Amino acid sequence: MASVVEYKGLKAGYHCGYCDAEEGKASCGMWAHSMTVQDYQDLIDRGWRRSGKYVYKPVMNQTCCPQYTIRCRPLQFQPSKSHKKVLKKMLKFLAKGEISQGHCEDEPMEPTVEDAVAGDFALINKLDIQCDLKTLSDDLKESLESEEKKKGKSSKKEESNELIQSREIEKKLGSGEPSHSVKVHAVPKPGQGADLSKPPCRKAKEIRKERKRLKLMQQNPDGELEGFQVQREPPSLFPAKAKSNQPKSLEDLIFESLPENTSHKLEVRVVRSSPPSSQFKATFQESYQVYKRYQMVIHKDPPDKPTVSQFTRFLCNSPLEAENPPSGPDCGYGSFHQQYWLDGKIVAVGVIDILPYCVSSVYLYYDPDYSFLSLGVYSALREIAFTRQLHEKTSQLSYYYMGFYIHSCPKMKYKGQYRPSDLLCPETYVWVPIEQCLPSLENSKYCRFNQDPEAVDEGRSKEPDRLQVLYKKAIMPYGVYKKQQKDPSEEATVLQYARLVGQTCSERMLLFRN
C-alpha cells in the first residue's frame, strides 16, 4: 500500500491559537488520503505533523510562533520531582480516595492545548471541501493495475499496485475489521506490577492470590478483559534494584503495589481507532462525551462546537495504514486511543500514533471533574512508560514524540520538562539536546540548532524528476509528468512539495495531481 497525498501548498496569515495573532500563522499542508507508518515517521522527522488526515508543516522562519518538533528519550527518562508528585497523588487517590488540591508547577495551564492546530479547524474544514481526490475508487485501482502490467513487475511498483483495496477510504474506516490484541495497563493489585525476579518482599499469600487471578483471567475469554492483555513491567530493560536506596524507576512509581481494598480502580486500554476496532466502536459515544465536556470546560467551546463530526475528523480519522508485522508491537502500528478507565468509566483519552521508531502523542482530552489528578502530566508519564514497554519487543521503537515545543508560548513550555529531550533543527533536520537549544531560543523565536555552519539537509530533494505522481489514474515519475504540463505554476508547487517532504518520501509517496 502506498501513501497518496494531495499537496495544498502554503496557507499564511491565519489566526494563531498560541499567541492569538489574527494573521500570524503560516504552514504548508497536504491532505493524506492514505499513508504508511514509515512515510509518516520520516515526515515527522522533517517537522511535519498530522491533525486528522491533514498533514502540515509550519513555515518556521515566517510563522508567529515557531513550532519545533520535540521528542523525549524514554530509555534514559528520569521523572522530575513534580512528576513524582503527580504519580504519588494518583496512587493516593486510588488507594484511599484522597484528593490533594494544588497544581503542580510544570503542568500546562491548559493541560494539552495540543497542536490539533488550535484555531485551524475552520481552515482544515475548508480544505476538506476543496479536496479534489474525493474517493479512490475501483476504476482507479483497475487503471493502476493495467499500468503495472504494461510496465512489467518491478518490485517497487508492486507496493503501489496494492494502492487501494477498498472502494473508498472513508468506507474502509467504518468497515470494523477485527481488532488486534490490545494492551491494558491495569494499576496492579498487590504485586501485579512487581518484577518476580526481585527479592521476595511480598507475602506468599499475595503471590498465590495473584497466580489465581491471572489463571482466572486466562480462563475467562469473554469476561470484561476480552481482547486485552495486562501490562507487565518489562523485566529485562529495568532490572530489579539491588539496593533499596536507588531511585525508583518510572514503572515502580506507576505500578506501586496498592492495598487489597482500594477505593478506586484504574485501567488503561489501548484500542485501535483507525480502522475502528470493535472496542473502539463500543466505547465511541462515551469517549465523545468526555471530549465534548473537555472542550467546553477547559477550552471554553460553545456547546454546539464540539460536534461528533469534528471529533471524528480530528481525533478518530487517520490516514495511517494499520500494519501488524511479526517483529512489531503486539498491538501493531497505526493510530490508537489510549483510554483511562476509572471505576468502569472513561475519564481520559490519549490519542496516539504508534510508528516504527516512536509513540507520537496527538492529543489528550479528559473529564474536567478529574482535573485534580493532573491527567495531562499523568498521561504523558504513562505514554513514556508505554513506549519503554513497546521497546522491549521492538527495539528500534525508542522515542516519545510530544508534538511541537513552542518556546514563545508559556502554555507549551511544559513539554521541555520531560528530560532528556531533543528539538529538531528546522534547517538540517538533526536532533539537538534541548539544553543546547534553550539559550538561542531566549534570544530569537526562530533558530537553526545545528551549530555546524557547513551542515546541510542530508535528506533534501536532489532528484525531483524521480518524485512519484498520480495523474489521470496513472503513476509516473515527475520527469514524465512535467512534459505534459503547460502551467508554469505547477513546477513551483511540485518542487516546493519535494523540498518539504525530502527525496525519500517524494519517491515513495504518490502525489495526486489533476
# chains A, B, ... in the order shown; residues from 1 in each chain; ligands from 1
>>> closest_atom_pairs(of="stretch 408-481 of chain A", to="stretch 7-23 of chain A", cutoff="12 Å", atoms="only C-alpha atoms", output="JSON lines")
{"residue": "A:Ser408", "atom": "CA", "partner": "A:Cys19", "partner_atom": "CA", "distance": 8.4}
{"residue": "A:Cys409", "atom": "CA", "partner": "A:Tyr18", "partner_atom": "CA", "distance": 6.3}
{"residue": "A:Pro410", "atom": "CA", "partner": "A:Tyr18", "partner_atom": "CA", "distance": 9.1}
{"residue": "A:Lys411", "atom": "CA", "partner": "A:Tyr18", "partner_atom": "CA", "distance": 8.2}
{"residue": "A:Met412", "atom": "CA", "partner": "A:Tyr18", "partner_atom": "CA", "distance": 8.5}
{"residue": "A:Lys413", "atom": "CA", "partner": "A:Tyr18", "partner_atom": "CA", "distance": 11.5}
{"residue": "A:Val469", "atom": "CA", "partner": "A:Tyr7", "partner_atom": "CA", "distance": 11.3}
{"residue": "A:Leu470", "atom": "CA", "partner": "A:Tyr7", "partner_atom": "CA", "distance": 11.9}
>>> write_last_selection(atoms="C-alpha atoms", output="short mmCIF file (atom, residue, chain, number, x, y, z; two decimals), in the first residue's frame")
data_model
loop_
_atom_site.label_atom_id
_atom_site.label_comp_id
_atom_site.auth_asym_id
_atom_site.auth_seq_id
_atom_site.Cartn_x
_atom_site.Cartn_y
_atom_site.Cartn_z
CA SER A 408 7.44 31.68 22.94
CA CYS A 409 4.20 30.26 24.37
CA PRO A 410 4.25 29.75 28.18
CA LYS A 411 1.42 27.21 27.97
CA MET A 412 3.50 24.93 25.75
CA LYS A 413 6.87 25.18 27.51
CA VAL A 469 2.97 11.48 -9.39
CA LEU A 470 -0.54 10.04 -9.60
#
>>> residues_around(residues="A:Met90", least_positions_apart="5", cutoff="12 Å", atoms="only C-alpha atoms", output="PyMOL selection string")
chain A and resi 83-85+95-101+187+253-256+258+263-266+342+370-375+377-379+381-382
>>> write_last_selection(atoms="C-alpha atoms", output="PDB file, in the first residue's frame")
ATOM      1  CA  HIS A  83       6.321  14.257  38.002  1.00  0.00           C
ATOM      2  CA  LYS A  84       6.751  12.057  41.097  1.00  0.00           C
ATOM      3  CA  LYS A  85       4.218  14.215  42.942  1.00  0.00           C
ATOM      4  CA  ALA A  95      -5.648   3.603  47.376  1.00  0.00           C
ATOM      5  CA  LYS A  96      -7.627   5.800  49.768  1.00  0.00           C
ATOM      6  CA  GLY A  97      -9.687   8.138  47.611  1.00  0.00           C
ATOM      7  CA  GLU A  98      -7.587  11.062  48.878  1.00  0.00           C
ATOM      8  CA  ILE A  99      -7.898  14.248  46.856  1.00  0.00           C
ATOM      9  CA  SER A 100      -4.979  16.624  47.213  1.00  0.00           C
ATOM     10  CA  GLN A 101      -5.593  20.056  45.728  1.00  0.00           C
ATOM     11  CA  VAL A 187      -2.942  -0.473  38.005  1.00  0.00           C
ATOM     12  CA  LEU A 253       6.223   4.801  40.692  1.00  0.00           C
ATOM     13  CA  ILE A 254       3.312   3.943  38.388  1.00  0.00           C
ATOM     14  CA  PHE A 255       2.747   0.328  39.407  1.00  0.00           C
ATOM     15  CA  GLU A 256       3.465   0.587  43.107  1.00  0.00           C
ATOM     16  CA  LEU A 258      -1.852  -0.976  46.129  1.00  0.00           C
ATOM     17  CA  SER A 263     -11.015   2.964  46.868  1.00  0.00           C
ATOM     18  CA  HIS A 264     -10.693   3.188  43.083  1.00  0.00           C
ATOM     19  CA  LYS A 265      -9.589   1.011  40.187  1.00  0.00           C
ATOM     20  CA  LEU A 266      -7.723   2.402  37.173  1.00  0.00           C
ATOM     21  CA  LEU A 342     -11.581   4.725  36.375  1.00  0.00           C
ATOM     22  CA  TYR A 370     -10.837  14.883  37.400  1.00  0.00           C
ATOM     23  CA  SER A 371      -8.614  17.921  36.770  1.00  0.00           C
ATOM     24  CA  PHE A 372      -7.250  17.488  40.304  1.00  0.00           C
ATOM     25  CA  LEU A 373      -5.394  14.349  39.136  1.00  0.00           C
ATOM     26  CA  SER A 374      -3.171  16.360  36.718  1.00  0.00           C
ATOM     27  CA  LEU A 375      -4.143  13.995  33.912  1.00  0.00           C
ATOM     28  CA  VAL A 377       1.121  15.111  33.149  1.00  0.00           C
ATOM     29  CA  TYR A 378      -0.039  11.663  34.310  1.00  0.00           C
ATOM     30  CA  SER A 379      -0.933  10.543  30.765  1.00  0.00           C
ATOM     31  CA  LEU A 381       4.245   9.716  32.006  1.00  0.00           C
ATOM     32  CA  ARG A 382       2.086   6.685  31.158  1.00  0.00           C
TER      33      ARG A 382
END
>>> closest_residue(among="A:Arg50, A:Arg269, A:Lys482, A:Arg419", to="A:Tyr340", atoms="only C-alpha atoms")
A:Arg269
>>> residues_around(residues="A:Gly459", least_positions_apart="3", cutoff="12 Å", atoms="only C-alpha atoms", output="ChimeraX atom specification")
/A:42-43,45-46,427-430,455-456,462-463,498-507
>>> residues_around(residues="A:Asp304", least_positions_apart="5", cutoff="12 Å", atoms="only C-alpha atoms", output="PyMOL selection string")
chain A and resi 292-293+295-296+309-310
>>> residues_around(residues="A:Gly332", least_positions_apart="4", cutoff="10 Å", atoms="only C-alpha atoms", output="list in words")
His180, Ser181, Val182, Arg272, Ala322, Glu323, Asn324, Pro325, Pro326, Ser327, Gly328, Phe336, Ile354, Leu355 and Pro356 of chain A
>>> write_last_selection(atoms="N, CA, C and O atoms", output="PDB file, in the first residue's frame")
ATOM      1  N   HIS A 180      -7.037  -6.060  16.739  1.00  0.00           N
ATOM      2  CA  HIS A 180      -5.918  -6.918  17.128  1.00  0.00           C
ATOM      3  C   HIS A 180      -5.735  -6.878  18.631  1.00  0.00           C
ATOM      4  O   HIS A 180      -6.322  -6.071  19.310  1.00  0.00           O
ATOM      5  N   SER A 181      -4.889  -7.745  19.107  1.00  0.00           N
ATOM      6  CA  SER A 181      -4.768  -7.849  20.554  1.00  0.00           C
ATOM      7  C   SER A 181      -4.329  -6.515  21.125  1.00  0.00           C
ATOM      8  O   SER A 181      -3.547  -5.809  20.538  1.00  0.00           O
ATOM      9  N   VAL A 182      -4.843  -6.197  22.241  1.00  0.00           N
ATOM     10  CA  VAL A 182      -4.701  -4.865  22.796  1.00  0.00           C
ATOM     11  C   VAL A 182      -4.093  -4.966  24.171  1.00  0.00           C
ATOM     12  O   VAL A 182      -4.326  -5.930  24.884  1.00  0.00           O
ATOM     13  N   ARG A 272      -7.538   0.320  18.897  1.00  0.00           N
ATOM     14  CA  ARG A 272      -7.230   0.864  17.569  1.00  0.00           C
ATOM     15  C   ARG A 272      -8.386   1.745  17.119  1.00  0.00           C
ATOM     16  O   ARG A 272      -9.536   1.332  17.141  1.00  0.00           O
ATOM     17  N   ALA A 322      -3.016   0.575   9.029  1.00  0.00           N
ATOM     18  CA  ALA A 322      -2.703  -0.349  10.132  1.00  0.00           C
ATOM     19  C   ALA A 322      -1.722  -1.393   9.607  1.00  0.00           C
ATOM     20  O   ALA A 322      -1.912  -1.940   8.532  1.00  0.00           O
ATOM     21  N   GLU A 323      -0.664  -1.649  10.381  1.00  0.00           N
ATOM     22  CA  GLU A 323       0.301  -2.681   9.990  1.00  0.00           C
ATOM     23  C   GLU A 323       0.582  -3.557  11.196  1.00  0.00           C
ATOM     24  O   GLU A 323       0.703  -3.047  12.315  1.00  0.00           O
ATOM     25  N   ASN A 324       0.677  -4.865  10.977  1.00  0.00           N
ATOM     26  CA  ASN A 324       0.938  -5.802  12.079  1.00  0.00           C
ATOM     27  C   ASN A 324       2.067  -6.767  11.746  1.00  0.00           C
ATOM     28  O   ASN A 324       1.860  -7.972  11.702  1.00  0.00           O
ATOM     29  N   PRO A 325       3.287  -6.271  11.523  1.00  0.00           N
ATOM     30  CA  PRO A 325       4.382  -7.202  11.232  1.00  0.00           C
ATOM     31  C   PRO A 325       4.748  -7.999  12.480  1.00  0.00           C
ATOM     32  O   PRO A 325       4.591  -7.494  13.595  1.00  0.00           O
ATOM     33  N   PRO A 326       5.227  -9.245  12.301  1.00  0.00           N
ATOM     34  CA  PRO A 326       5.539 -10.085  13.469  1.00  0.00           C
ATOM     35  C   PRO A 326       6.565  -9.457  14.416  1.00  0.00           C
ATOM     36  O   PRO A 326       6.503  -9.655  15.628  1.00  0.00           O
ATOM     37  N   SER A 327       7.491  -8.663  13.862  1.00  0.00           N
ATOM     38  CA  SER A 327       8.523  -8.069  14.719  1.00  0.00           C
ATOM     39  C   SER A 327       8.045  -6.782  15.393  1.00  0.00           C
ATOM     40  O   SER A 327       8.736  -6.214  16.228  1.00  0.00           O
ATOM     41  N   GLY A 328       6.874  -6.303  14.998  1.00  0.00           N
ATOM     42  CA  GLY A 328       6.363  -5.041  15.544  1.00  0.00           C
ATOM     43  C   GLY A 328       5.674  -5.235  16.885  1.00  0.00           C
ATOM     44  O   GLY A 328       5.617  -6.345  17.423  1.00  0.00           O
ATOM     45  N   PHE A 336      -4.256   4.965  17.507  1.00  0.00           N
ATOM     46  CA  PHE A 336      -4.931   4.345  18.651  1.00  0.00           C
ATOM     47  C   PHE A 336      -5.474   5.398  19.606  1.00  0.00           C
ATOM     48  O   PHE A 336      -5.001   6.536  19.622  1.00  0.00           O
ATOM     49  N   ILE A 354       1.342   4.909  16.834  1.00  0.00           N
ATOM     50  CA  ILE A 354       2.493   4.026  17.085  1.00  0.00           C
ATOM     51  C   ILE A 354       3.196   3.845  15.748  1.00  0.00           C
ATOM     52  O   ILE A 354       2.626   3.322  14.786  1.00  0.00           O
ATOM     53  N   LEU A 355       4.441   4.316  15.687  1.00  0.00           N
ATOM     54  CA  LEU A 355       5.211   4.366  14.441  1.00  0.00           C
ATOM     55  C   LEU A 355       6.471   3.522  14.584  1.00  0.00           C
ATOM     56  O   LEU A 355       6.797   3.072  15.687  1.00  0.00           O
ATOM     57  N   PRO A 356       7.207   3.304  13.483  1.00  0.00           N
ATOM     58  CA  PRO A 356       8.369   2.411  13.567  1.00  0.00           C
ATOM     59  C   PRO A 356       9.390   2.775  14.650  1.00  0.00           C
ATOM     60  O   PRO A 356       9.996   1.892  15.241  1.00  0.00           O
TER      61      PRO A 356
END
>>> residues_around(residues="A:Phe512", least_positions_apart="4", cutoff="10 Å", atoms="only C-alpha atoms", output="list of chain:residue names")
A:Val4, A:Val5, A:Glu6, A:Tyr7, A:Trp31, A:Ala32, A:His33, A:Asp132, A:Leu133, A:Gln468, A:Val469, A:Leu470, A:Tyr471, A:Lys472, A:Lys473, A:Ala474, A:Ile475
>>> write_last_selection(atoms="C-alpha atoms", output="mmCIF file, in the first residue's frame")
data_model
loop_
_atom_site.group_PDB
_atom_site.id
_atom_site.type_symbol
_atom_site.label_atom_id
_atom_site.label_comp_id
_atom_site.auth_asym_id
_atom_site.auth_seq_id
_atom_site.Cartn_x
_atom_site.Cartn_y
_atom_site.Cartn_z
ATOM 1 C CA VAL A 4 -1.427 9.015 -1.530
ATOM 2 C CA VAL A 5 -1.250 12.746 -0.804
ATOM 3 C CA GLU A 6 -2.760 15.885 -2.247
ATOM 4 C CA TYR A 7 -0.490 18.894 -1.667
ATOM 5 C CA TRP A 31 -4.339 16.052 2.517
ATOM 6 C CA ALA A 32 -3.262 12.453 3.172
ATOM 7 C CA HIS A 33 -5.752 10.002 1.676
ATOM 8 C CA ASP A 132 -10.006 17.111 -5.433
ATOM 9 C CA LEU A 133 -9.491 13.401 -4.942
ATOM 10 C CA GLN A 468 6.122 9.856 -7.988
ATOM 11 C CA VAL A 469 2.971 11.480 -9.395
ATOM 12 C CA LEU A 470 -0.543 10.037 -9.604
ATOM 13 C CA TYR A 471 -2.085 11.716 -12.663
ATOM 14 C CA LYS A 472 -5.130 10.685 -14.722
ATOM 15 C CA LYS A 473 -5.246 7.346 -12.903
ATOM 16 C CA ALA A 474 -1.631 6.514 -13.779
ATOM 17 C CA ILE A 475 1.565 6.535 -11.705
#
>>> atom_distance(atom1="atom CA of A:Gln339", atom2="atom CA of A:Glu321")
20.9 Å
>>> closest_residue(among="A:Met1, A:Cys447, A:Met402, A:Leu390", to="A:Cys72", atoms="only C-alpha atoms")
A:Met402
>>> atom_distance(atom1="atom CA of A:Cys316", atom2="atom CA of A:Thr36")
16.8 Å
>>> select_by_dssp(residues="stretch 350-443 of chain A", states="strand (DSSP E)", output="list in words")
Gly350, Val351, Ile352, Asp353, Ile354, Cys358, Val359, Ser360, Ser361, Val362, Tyr363, Leu364, Tyr365, Tyr366, Tyr399, Tyr400, Tyr401, Met402, Gly403, Phe404, Tyr405, Ser421, Asp422, Leu423, Leu424, Trp431, Val432 and Pro433 of chain A
>>> select_by_dssp(residues="stretch 263-380 of chain A", states="alpha helix (DSSP H)", output="VMD selection string")
chain A and resid 278 to 297 308 to 311 375 to 380
>>> closest_residue(among="A:Ser360, A:Ser287, A:Ser249, A:Gln338", to="A:Ile44", atoms="only C-alpha atoms")
A:Ser360
>>> closest_residue(among="A:Ser395, A:Gln246, A:Ser51, A:Gln496", to="A:Pro329", atoms="only C-alpha atoms")
A:Ser395
